[in-house]
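Coordinates as given in work_17.cif (mmCIF, N, CA and C atoms and all ligand atoms):
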data_protein
loop_
_atom_site.label_atom_id
_atom_site.label_comp_id
_atom_site.auth_asym_id
_atom_site.auth_seq_id
_atom_site.Cartn_x
_atom_site.Cartn_y
_atom_site.Cartn_z
N MET A 242 0.85 -1.20 0.00
CA MET A 242 0.00 0.00 0.00
C MET A 242 0.89 1.26 0.00
N ASN A 243 0.56 2.21 -0.84
CA ASN A 243 1.41 3.40 -0.91
C ASN A 243 0.91 4.53 0.01
N GLU A 244 1.70 5.61 0.04
CA GLU A 244 1.41 6.74 0.92
C GLU A 244 0.01 7.33 0.72
N THR A 245 -0.38 7.42 -0.53
CA THR A 245 -1.69 8.00 -0.86
C THR A 245 -2.81 7.16 -0.26
N LYS A 246 -2.67 5.84 -0.39
CA LYS A 246 -3.67 4.94 0.17
C LYS A 246 -3.70 5.03 1.68
N PHE A 247 -2.53 5.07 2.29
CA PHE A 247 -2.45 5.21 3.75
C PHE A 247 -3.19 6.46 4.19
N ALA A 248 -2.94 7.55 3.48
CA ALA A 248 -3.57 8.83 3.82
C ALA A 248 -5.08 8.75 3.68
N LEU A 249 -5.51 8.03 2.64
CA LEU A 249 -6.94 7.86 2.38
C LEU A 249 -7.61 7.08 3.52
N PHE A 250 -6.98 5.97 3.91
CA PHE A 250 -7.55 5.16 4.98
C PHE A 250 -7.48 5.89 6.32
N ARG A 251 -6.43 6.66 6.50
CA ARG A 251 -6.29 7.43 7.73
C ARG A 251 -7.43 8.43 7.84
N ALA A 252 -7.73 9.09 6.72
CA ALA A 252 -8.83 10.06 6.70
C ALA A 252 -10.16 9.38 7.03
N LYS A 253 -10.34 8.19 6.47
CA LYS A 253 -11.58 7.42 6.74
C LYS A 253 -11.69 7.08 8.22
N LEU A 254 -10.58 6.63 8.78
CA LEU A 254 -10.55 6.24 10.20
C LEU A 254 -10.83 7.44 11.10
N GLU A 255 -10.22 8.57 10.75
CA GLU A 255 -10.44 9.77 11.56
C GLU A 255 -11.89 10.23 11.48
N GLU A 256 -12.49 10.01 10.32
CA GLU A 256 -13.89 10.37 10.13
C GLU A 256 -14.78 9.50 11.02
N ILE A 257 -14.49 8.19 11.07
CA ILE A 257 -15.26 7.28 11.93
C ILE A 257 -15.10 7.71 13.39
N CYS A 258 -13.86 7.98 13.75
CA CYS A 258 -13.54 8.41 15.10
C CYS A 258 -14.34 9.66 15.45
N PHE A 259 -14.34 10.62 14.57
CA PHE A 259 -15.02 11.88 14.81
C PHE A 259 -16.53 11.68 14.91
N SER A 260 -17.07 10.79 14.08
CA SER A 260 -18.52 10.58 14.11
C SER A 260 -18.95 9.91 15.41
N ILE A 261 -18.11 9.00 15.94
CA ILE A 261 -18.43 8.37 17.23
C ILE A 261 -18.42 9.45 18.32
N ILE A 262 -17.38 10.27 18.29
CA ILE A 262 -17.25 11.31 19.31
C ILE A 262 -18.41 12.31 19.25
N SER A 263 -18.76 12.73 18.05
CA SER A 263 -19.83 13.74 17.98
C SER A 263 -21.18 13.15 18.36
N GLU A 264 -21.35 11.86 18.09
CA GLU A 264 -22.58 11.19 18.50
C GLU A 264 -22.73 11.19 20.02
N VAL A 265 -21.64 10.84 20.67
CA VAL A 265 -21.64 10.82 22.14
C VAL A 265 -21.76 12.23 22.69
N LYS A 266 -21.14 13.15 22.00
CA LYS A 266 -21.19 14.55 22.41
C LYS A 266 -22.64 15.05 22.40
N GLU A 267 -23.36 14.67 21.37
CA GLU A 267 -24.78 15.03 21.27
C GLU A 267 -25.58 14.44 22.42
N LYS A 268 -25.29 13.16 22.69
CA LYS A 268 -25.99 12.45 23.76
C LYS A 268 -25.70 13.14 25.10
N TYR A 269 -24.44 13.47 25.27
CA TYR A 269 -23.98 14.10 26.51
C TYR A 269 -24.61 15.48 26.68
N LYS A 270 -24.68 16.20 25.58
CA LYS A 270 -25.21 17.56 25.59
C LYS A 270 -26.70 17.55 25.98
N SER A 271 -27.42 16.57 25.44
CA SER A 271 -28.86 16.53 25.72
C SER A 271 -29.14 16.10 27.16
N GLN A 272 -28.21 15.33 27.70
CA GLN A 272 -28.37 14.90 29.10
C GLN A 272 -28.07 16.05 30.07
N LYS A 273 -27.06 16.83 29.72
CA LYS A 273 -26.62 17.92 30.59
C LYS A 273 -26.94 19.25 29.93
N GLY A 274 -28.15 19.38 29.48
CA GLY A 274 -28.56 20.54 28.73
C GLY A 274 -28.41 21.86 29.45
N ASP A 275 -28.55 21.85 30.78
CA ASP A 275 -28.50 23.11 31.51
C ASP A 275 -27.10 23.52 31.94
N LEU A 276 -26.16 22.70 31.59
CA LEU A 276 -24.77 23.00 31.93
C LEU A 276 -24.22 24.05 30.95
N ASN A 277 -23.53 25.06 31.49
CA ASN A 277 -23.04 26.11 30.60
C ASN A 277 -21.66 25.84 30.01
N GLU A 278 -21.10 24.76 30.38
CA GLU A 278 -19.81 24.32 29.84
C GLU A 278 -19.89 24.19 28.32
N PRO A 279 -19.01 24.84 27.57
CA PRO A 279 -19.12 24.69 26.11
C PRO A 279 -18.74 23.29 25.65
N ALA A 280 -19.74 22.53 25.24
CA ALA A 280 -19.54 21.13 24.87
C ALA A 280 -18.73 20.98 23.58
N ALA A 281 -18.67 22.06 22.80
CA ALA A 281 -17.97 21.99 21.51
C ALA A 281 -16.48 21.69 21.67
N ASP A 282 -15.92 22.08 22.82
CA ASP A 282 -14.49 21.86 23.05
C ASP A 282 -14.12 20.39 23.08
N ILE A 283 -15.08 19.55 23.46
CA ILE A 283 -14.77 18.14 23.70
C ILE A 283 -14.18 17.45 22.47
N ALA A 284 -14.80 17.64 21.32
CA ALA A 284 -14.33 16.94 20.13
C ALA A 284 -13.25 17.70 19.37
N ASP A 285 -12.97 18.92 19.79
CA ASP A 285 -11.94 19.70 19.11
C ASP A 285 -10.55 19.22 19.50
N GLY A 286 -9.59 19.66 18.75
CA GLY A 286 -8.20 19.33 19.06
C GLY A 286 -7.84 17.93 18.64
N ALA A 287 -6.83 17.38 19.27
CA ALA A 287 -6.30 16.07 18.88
C ALA A 287 -7.35 14.99 19.03
N VAL A 288 -7.34 14.06 18.11
CA VAL A 288 -8.30 12.96 18.09
C VAL A 288 -8.16 12.12 19.36
N GLN A 289 -6.99 12.03 19.89
CA GLN A 289 -6.75 11.10 20.98
C GLN A 289 -6.97 11.68 22.37
N SER A 290 -7.18 12.98 22.48
CA SER A 290 -7.37 13.54 23.82
C SER A 290 -8.85 13.71 24.14
N TYR A 291 -9.42 12.68 24.70
CA TYR A 291 -10.84 12.69 24.99
C TYR A 291 -11.09 13.20 26.40
N ASP A 292 -12.23 13.80 26.55
CA ASP A 292 -12.69 14.19 27.87
C ASP A 292 -13.12 12.94 28.62
N ARG A 293 -12.83 12.91 29.90
CA ARG A 293 -13.16 11.73 30.68
C ARG A 293 -14.68 11.48 30.73
N GLN A 294 -15.41 12.56 30.87
CA GLN A 294 -16.87 12.43 30.91
C GLN A 294 -17.41 11.92 29.58
N LEU A 295 -16.73 12.31 28.53
CA LEU A 295 -17.12 11.85 27.20
C LEU A 295 -16.92 10.34 27.09
N MET A 296 -15.79 9.88 27.61
CA MET A 296 -15.50 8.45 27.57
C MET A 296 -16.57 7.66 28.32
N MET A 297 -17.06 8.24 29.42
CA MET A 297 -18.08 7.55 30.20
C MET A 297 -19.40 7.48 29.45
N GLY A 298 -19.59 8.41 28.54
CA GLY A 298 -20.82 8.42 27.75
C GLY A 298 -20.80 7.39 26.63
N LEU A 299 -19.63 6.83 26.38
CA LEU A 299 -19.52 5.85 25.30
C LEU A 299 -20.04 4.49 25.73
N GLY A 300 -20.78 3.86 24.86
CA GLY A 300 -21.23 2.51 25.13
C GLY A 300 -20.08 1.54 24.91
N GLU A 301 -20.24 0.32 25.37
CA GLU A 301 -19.17 -0.68 25.24
C GLU A 301 -18.82 -0.93 23.78
N LYS A 302 -19.86 -0.98 22.94
CA LYS A 302 -19.67 -1.24 21.53
C LYS A 302 -18.91 -0.09 20.86
N GLU A 303 -19.32 1.13 21.21
CA GLU A 303 -18.67 2.31 20.64
C GLU A 303 -17.21 2.40 21.08
N LEU A 304 -17.00 2.07 22.34
CA LEU A 304 -15.66 2.14 22.92
C LEU A 304 -14.72 1.14 22.22
N ARG A 305 -15.26 -0.04 21.96
CA ARG A 305 -14.47 -1.08 21.31
C ARG A 305 -14.12 -0.66 19.88
N LYS A 306 -15.12 -0.07 19.22
CA LYS A 306 -14.91 0.38 17.84
C LYS A 306 -13.87 1.51 17.81
N LEU A 307 -14.01 2.42 18.74
CA LEU A 307 -13.08 3.54 18.83
C LEU A 307 -11.65 3.05 19.08
N LYS A 308 -11.53 2.01 19.89
CA LYS A 308 -10.23 1.44 20.20
C LYS A 308 -9.62 0.82 18.94
N LEU A 309 -10.45 0.11 18.17
CA LEU A 309 -9.99 -0.50 16.92
C LEU A 309 -9.55 0.57 15.93
N VAL A 310 -10.33 1.66 15.89
CA VAL A 310 -9.99 2.76 14.99
C VAL A 310 -8.65 3.37 15.39
N GLU A 311 -8.48 3.59 16.69
CA GLU A 311 -7.22 4.14 17.20
C GLU A 311 -6.04 3.25 16.88
N GLU A 312 -6.25 1.96 17.07
CA GLU A 312 -5.19 0.99 16.79
C GLU A 312 -4.81 1.02 15.31
N ALA A 313 -5.84 1.11 14.47
CA ALA A 313 -5.60 1.15 13.03
C ALA A 313 -4.82 2.41 12.64
N ILE A 314 -5.15 3.55 13.26
CA ILE A 314 -4.41 4.78 12.98
C ILE A 314 -2.95 4.63 13.43
N GLY A 315 -2.78 3.99 14.58
CA GLY A 315 -1.43 3.73 15.09
C GLY A 315 -0.63 2.85 14.14
N LYS A 316 -1.33 1.89 13.54
CA LYS A 316 -0.68 0.98 12.59
C LYS A 316 -0.28 1.72 11.32
N ILE A 317 -1.10 2.65 10.91
CA ILE A 317 -0.75 3.46 9.73
C ILE A 317 0.55 4.21 10.02
N ASP A 318 0.61 4.82 11.21
CA ASP A 318 1.81 5.56 11.60
C ASP A 318 3.04 4.67 11.65
N ALA A 319 2.82 3.41 12.06
CA ALA A 319 3.94 2.47 12.17
C ALA A 319 4.23 1.74 10.86
N GLY A 320 3.42 2.00 9.85
CA GLY A 320 3.60 1.34 8.56
C GLY A 320 3.17 -0.12 8.58
N GLN A 321 2.30 -0.47 9.55
CA GLN A 321 1.85 -1.85 9.69
C GLN A 321 0.39 -2.02 9.31
N TYR A 322 -0.19 -1.00 8.74
CA TYR A 322 -1.63 -1.03 8.47
C TYR A 322 -1.98 -2.07 7.40
N GLY A 323 -3.11 -2.75 7.64
CA GLY A 323 -3.61 -3.70 6.64
C GLY A 323 -3.01 -5.08 6.75
N ILE A 324 -2.28 -5.34 7.85
CA ILE A 324 -1.70 -6.66 8.05
C ILE A 324 -2.52 -7.40 9.10
N CYS A 325 -2.93 -8.62 8.76
CA CYS A 325 -3.77 -9.42 9.66
C CYS A 325 -3.00 -9.78 10.93
N LEU A 326 -3.67 -9.61 12.08
CA LEU A 326 -3.05 -9.89 13.37
C LEU A 326 -2.75 -11.36 13.56
N GLU A 327 -3.50 -12.22 12.90
CA GLU A 327 -3.35 -13.66 13.09
C GLU A 327 -2.30 -14.26 12.14
N CYS A 328 -2.55 -14.13 10.86
CA CYS A 328 -1.70 -14.82 9.87
C CYS A 328 -0.63 -13.91 9.28
N GLU A 329 -0.69 -12.61 9.61
CA GLU A 329 0.28 -11.62 9.14
C GLU A 329 0.31 -11.47 7.62
N GLU A 330 -0.78 -11.91 6.99
CA GLU A 330 -0.94 -11.68 5.56
C GLU A 330 -1.61 -10.32 5.39
N LEU A 331 -1.54 -9.78 4.18
CA LEU A 331 -2.21 -8.50 3.91
C LEU A 331 -3.72 -8.69 3.86
N ILE A 332 -4.43 -7.82 4.54
CA ILE A 332 -5.89 -7.83 4.48
C ILE A 332 -6.28 -7.19 3.14
N PRO A 333 -7.15 -7.85 2.37
CA PRO A 333 -7.53 -7.29 1.06
C PRO A 333 -8.08 -5.87 1.19
N GLU A 334 -7.69 -5.02 0.26
CA GLU A 334 -8.11 -3.61 0.31
C GLU A 334 -9.62 -3.44 0.24
N GLY A 335 -10.27 -4.40 -0.46
CA GLY A 335 -11.73 -4.35 -0.56
C GLY A 335 -12.37 -4.44 0.82
N ARG A 336 -11.79 -5.29 1.66
CA ARG A 336 -12.29 -5.45 3.02
C ARG A 336 -12.02 -4.18 3.83
N LEU A 337 -10.83 -3.63 3.66
CA LEU A 337 -10.46 -2.43 4.41
C LEU A 337 -11.29 -1.21 4.01
N SER A 338 -11.73 -1.19 2.75
CA SER A 338 -12.53 -0.04 2.35
C SER A 338 -13.94 -0.11 2.93
N VAL A 339 -14.38 -1.34 3.26
CA VAL A 339 -15.67 -1.50 3.93
C VAL A 339 -15.51 -1.30 5.44
N ILE A 340 -14.50 -1.96 5.99
CA ILE A 340 -14.20 -1.83 7.43
C ILE A 340 -12.74 -1.38 7.58
N PRO A 341 -12.50 -0.07 7.58
CA PRO A 341 -11.12 0.42 7.62
C PRO A 341 -10.38 0.04 8.90
N TYR A 342 -11.12 -0.30 9.94
CA TYR A 342 -10.47 -0.65 11.21
C TYR A 342 -10.35 -2.16 11.41
N ALA A 343 -10.57 -2.94 10.33
CA ALA A 343 -10.43 -4.39 10.42
C ALA A 343 -9.00 -4.75 10.80
N SER A 344 -8.85 -5.63 11.78
CA SER A 344 -7.50 -6.00 12.20
C SER A 344 -7.14 -7.43 11.79
N ARG A 345 -8.14 -8.11 11.19
CA ARG A 345 -7.90 -9.48 10.75
C ARG A 345 -8.52 -9.71 9.37
N CYS A 346 -7.98 -10.67 8.64
CA CYS A 346 -8.58 -11.01 7.37
C CYS A 346 -9.83 -11.86 7.60
N VAL A 347 -10.63 -12.02 6.57
CA VAL A 347 -11.91 -12.73 6.71
C VAL A 347 -11.70 -14.17 7.18
N ASP A 348 -10.70 -14.84 6.62
CA ASP A 348 -10.42 -16.24 7.00
C ASP A 348 -10.14 -16.37 8.49
N CYS A 349 -9.29 -15.51 9.01
CA CYS A 349 -8.93 -15.57 10.42
C CYS A 349 -10.11 -15.21 11.31
N LEU A 350 -10.90 -14.25 10.85
CA LEU A 350 -12.07 -13.83 11.61
C LEU A 350 -13.05 -14.99 11.74
N GLU A 351 -13.26 -15.71 10.64
CA GLU A 351 -14.16 -16.86 10.65
C GLU A 351 -13.64 -17.95 11.57
N MET A 352 -12.32 -18.13 11.53
CA MET A 352 -11.68 -19.13 12.36
C MET A 352 -11.91 -18.81 13.85
N ILE A 353 -11.73 -17.54 14.19
CA ILE A 353 -11.92 -17.10 15.57
C ILE A 353 -13.37 -17.28 16.01
N GLU A 354 -14.28 -16.91 15.12
CA GLU A 354 -15.70 -17.05 15.44
C GLU A 354 -16.09 -18.51 15.67
N LYS A 355 -15.53 -19.38 14.83
CA LYS A 355 -15.80 -20.81 15.00
C LYS A 355 -15.26 -21.30 16.33
N ARG A 356 -14.04 -20.88 16.63
CA ARG A 356 -13.38 -21.27 17.87
C ARG A 356 -14.23 -20.83 19.06
N ASN A 357 -14.75 -19.61 18.99
CA ASN A 357 -15.56 -19.08 20.08
C ASN A 357 -16.88 -19.81 20.27
N THR A 358 -17.48 -20.23 19.14
CA THR A 358 -18.77 -20.92 19.27
C THR A 358 -18.58 -22.34 19.77
N ILE A 359 -17.41 -22.93 19.48
CA ILE A 359 -17.13 -24.28 19.97
C ILE A 359 -17.00 -24.24 21.50
N ILE A 360 -16.31 -23.24 21.98
CA ILE A 360 -16.17 -23.08 23.44
C ILE A 360 -17.52 -22.65 24.00
ZN ZN A 401 -5.46 -13.66 8.65
#

Will you turn the file into structure tokens for me?
Ligand SMILES: [Zn+2]
Amino acid sequence: MNETKFALFRAKLEEICFSIISEVKEKYKSQKGDLNEPAADIADGAVQSYDRQLMMGLGEKELRKLKLVEEAIGKIDAGQYGICLECEELIPEGRLSVIPYASRCVDCLEMIEKRNTII
């Protein structure tokens, strides 16, 4: 994968990250509507510096997704993006364009799911 592709996937990942944050921000804002604290500050600035209260507003599913997105961004920075955690083969770009934060290829994912259902 070349630099342009990395940049493209990075932008996608940051977009997912931002949409999760703004969703929670909206939820948080509606819950604490009478608070005069400017809620807009929460999602501003670096992607990785979250407000603690914001983190508490995240559901388990959102938190897990956000973690995967963060990991994927970290992998882009390390030049390891798109490599399956299990078999260390390249994850097909078609899969990454659907799920940019995928950390495993489809084969390994199926294997893990099977393993989990057996247990
Ligand atoms: Zn794999």

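Take CA of Ile314 (chain A) and atom C of Leu337 (chain A): the distance between them is 12.8 Å.
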
Centre and size of axis-aligned box enclosing region 254-269 of chain A plus 8 Å each side, as lines of an AutoDock Vina configuration file:
center_x = -18.1
center_y = 10.9
center_z = 17.7
size_x = 31.8
size_y = 25.2
size_z = 33.9

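With distances taken over all atoms listed in the file, A:Pro341 is the one residue among A:Asn357, A:Pro341, A:Ser263, A:Lys246 lying closest to Val310 (chain A).
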
*asked:* Show me the residues close to (-9.9, -3.8, -0.1) - anything with an atom within 12 Å, counting only C-alpha atoms - and format the list as an NGL selection string.
replied: :A and (242 or 246 or 250 or 323-324 or 331-343 or 346-347)

*Interatomic distance between CA of Leu249 (chain A) and CA of Leu326 (chain A)?*
21.2 Å

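Near ligand ZN 401 (chain A), at distances of 6.5 Å or less and with all atoms listed in the file counted, sit the residues A:Cys325, A:Leu326, A:Glu327, A:Cys328, A:Glu329, A:Glu330, A:Arg345, A:Cys346, A:Val347, A:Asp348, A:Cys349, A:Leu350.
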
Selection to disk with N, CA and C atoms, as a PDB file, in the frame of the given file:
ATOM      1  N   CYS A 325      -2.930  -8.620   8.760  1.00  0.00           N
ATOM      2  CA  CYS A 325      -3.770  -9.420   9.660  1.00  0.00           C
ATOM      3  C   CYS A 325      -3.000  -9.780  10.930  1.00  0.00           C
ATOM      4  N   LEU A 326      -3.670  -9.610  12.080  1.00  0.00           N
ATOM      5  CA  LEU A 326      -3.050  -9.890  13.370  1.00  0.00           C
ATOM      6  C   LEU A 326      -2.750 -11.360  13.560  1.00  0.00           C
ATOM      7  N   GLU A 327      -3.500 -12.220  12.900  1.00  0.00           N
ATOM      8  CA  GLU A 327      -3.350 -13.660  13.090  1.00  0.00           C
ATOM      9  C   GLU A 327      -2.300 -14.260  12.140  1.00  0.00           C
ATOM     10  N   CYS A 328      -2.550 -14.130  10.860  1.00  0.00           N
ATOM     11  CA  CYS A 328      -1.700 -14.820   9.870  1.00  0.00           C
ATOM     12  C   CYS A 328      -0.630 -13.910   9.280  1.00  0.00           C
ATOM     13  N   GLU A 329      -0.690 -12.610   9.610  1.00  0.00           N
ATOM     14  CA  GLU A 329       0.280 -11.620   9.140  1.00  0.00           C
ATOM     15  C   GLU A 329       0.310 -11.470   7.620  1.00  0.00           C
ATOM     16  N   GLU A 330      -0.780 -11.910   6.990  1.00  0.00           N
ATOM     17  CA  GLU A 330      -0.940 -11.680   5.560  1.00  0.00           C
ATOM     18  C   GLU A 330      -1.610 -10.320   5.390  1.00  0.00           C
ATOM     19  N   ARG A 345      -8.140  -8.110  11.190  1.00  0.00           N
ATOM     20  CA  ARG A 345      -7.900  -9.480  10.750  1.00  0.00           C
ATOM     21  C   ARG A 345      -8.520  -9.710   9.370  1.00  0.00           C
ATOM     22  N   CYS A 346      -7.980 -10.670   8.640  1.00  0.00           N
ATOM     23  CA  CYS A 346      -8.580 -11.010   7.370  1.00  0.00           C
ATOM     24  C   CYS A 346      -9.830 -11.860   7.600  1.00  0.00           C
ATOM     25  N   VAL A 347     -10.630 -12.020   6.570  1.00  0.00           N
ATOM     26  CA  VAL A 347     -11.910 -12.730   6.710  1.00  0.00           C
ATOM     27  C   VAL A 347     -11.700 -14.170   7.180  1.00  0.00           C
ATOM     28  N   ASP A 348     -10.700 -14.840   6.620  1.00  0.00           N
ATOM     29  CA  ASP A 348     -10.420 -16.240   7.000  1.00  0.00           C
ATOM     30  C   ASP A 348     -10.140 -16.370   8.490  1.00  0.00           C
ATOM     31  N   CYS A 349      -9.290 -15.510   9.010  1.00  0.00           N
ATOM     32  CA  CYS A 349      -8.930 -15.570  10.420  1.00  0.00           C
ATOM     33  C   CYS A 349     -10.110 -15.210  11.310  1.00  0.00           C
ATOM     34  N   LEU A 350     -10.900 -14.250  10.850  1.00  0.00           N
ATOM     35  CA  LEU A 350     -12.070 -13.830  11.610  1.00  0.00           C
ATOM     36  C   LEU A 350     -13.050 -14.990  11.740  1.00  0.00           C
TER      37      LEU A 350
END

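Ranking A:Ser260, A:Ala248, A:Glu303, A:Glu354 by their shortest atom-to-atom distance to Ile317 (chain A), with only N, CA and C atoms included, puts A:Ala248 first.
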
*asked:* Using Å and a single decimal, report how far CA of Lys316 (chain A) sits from atom N of Gly300 (chain A).
replied: 23.7 Å
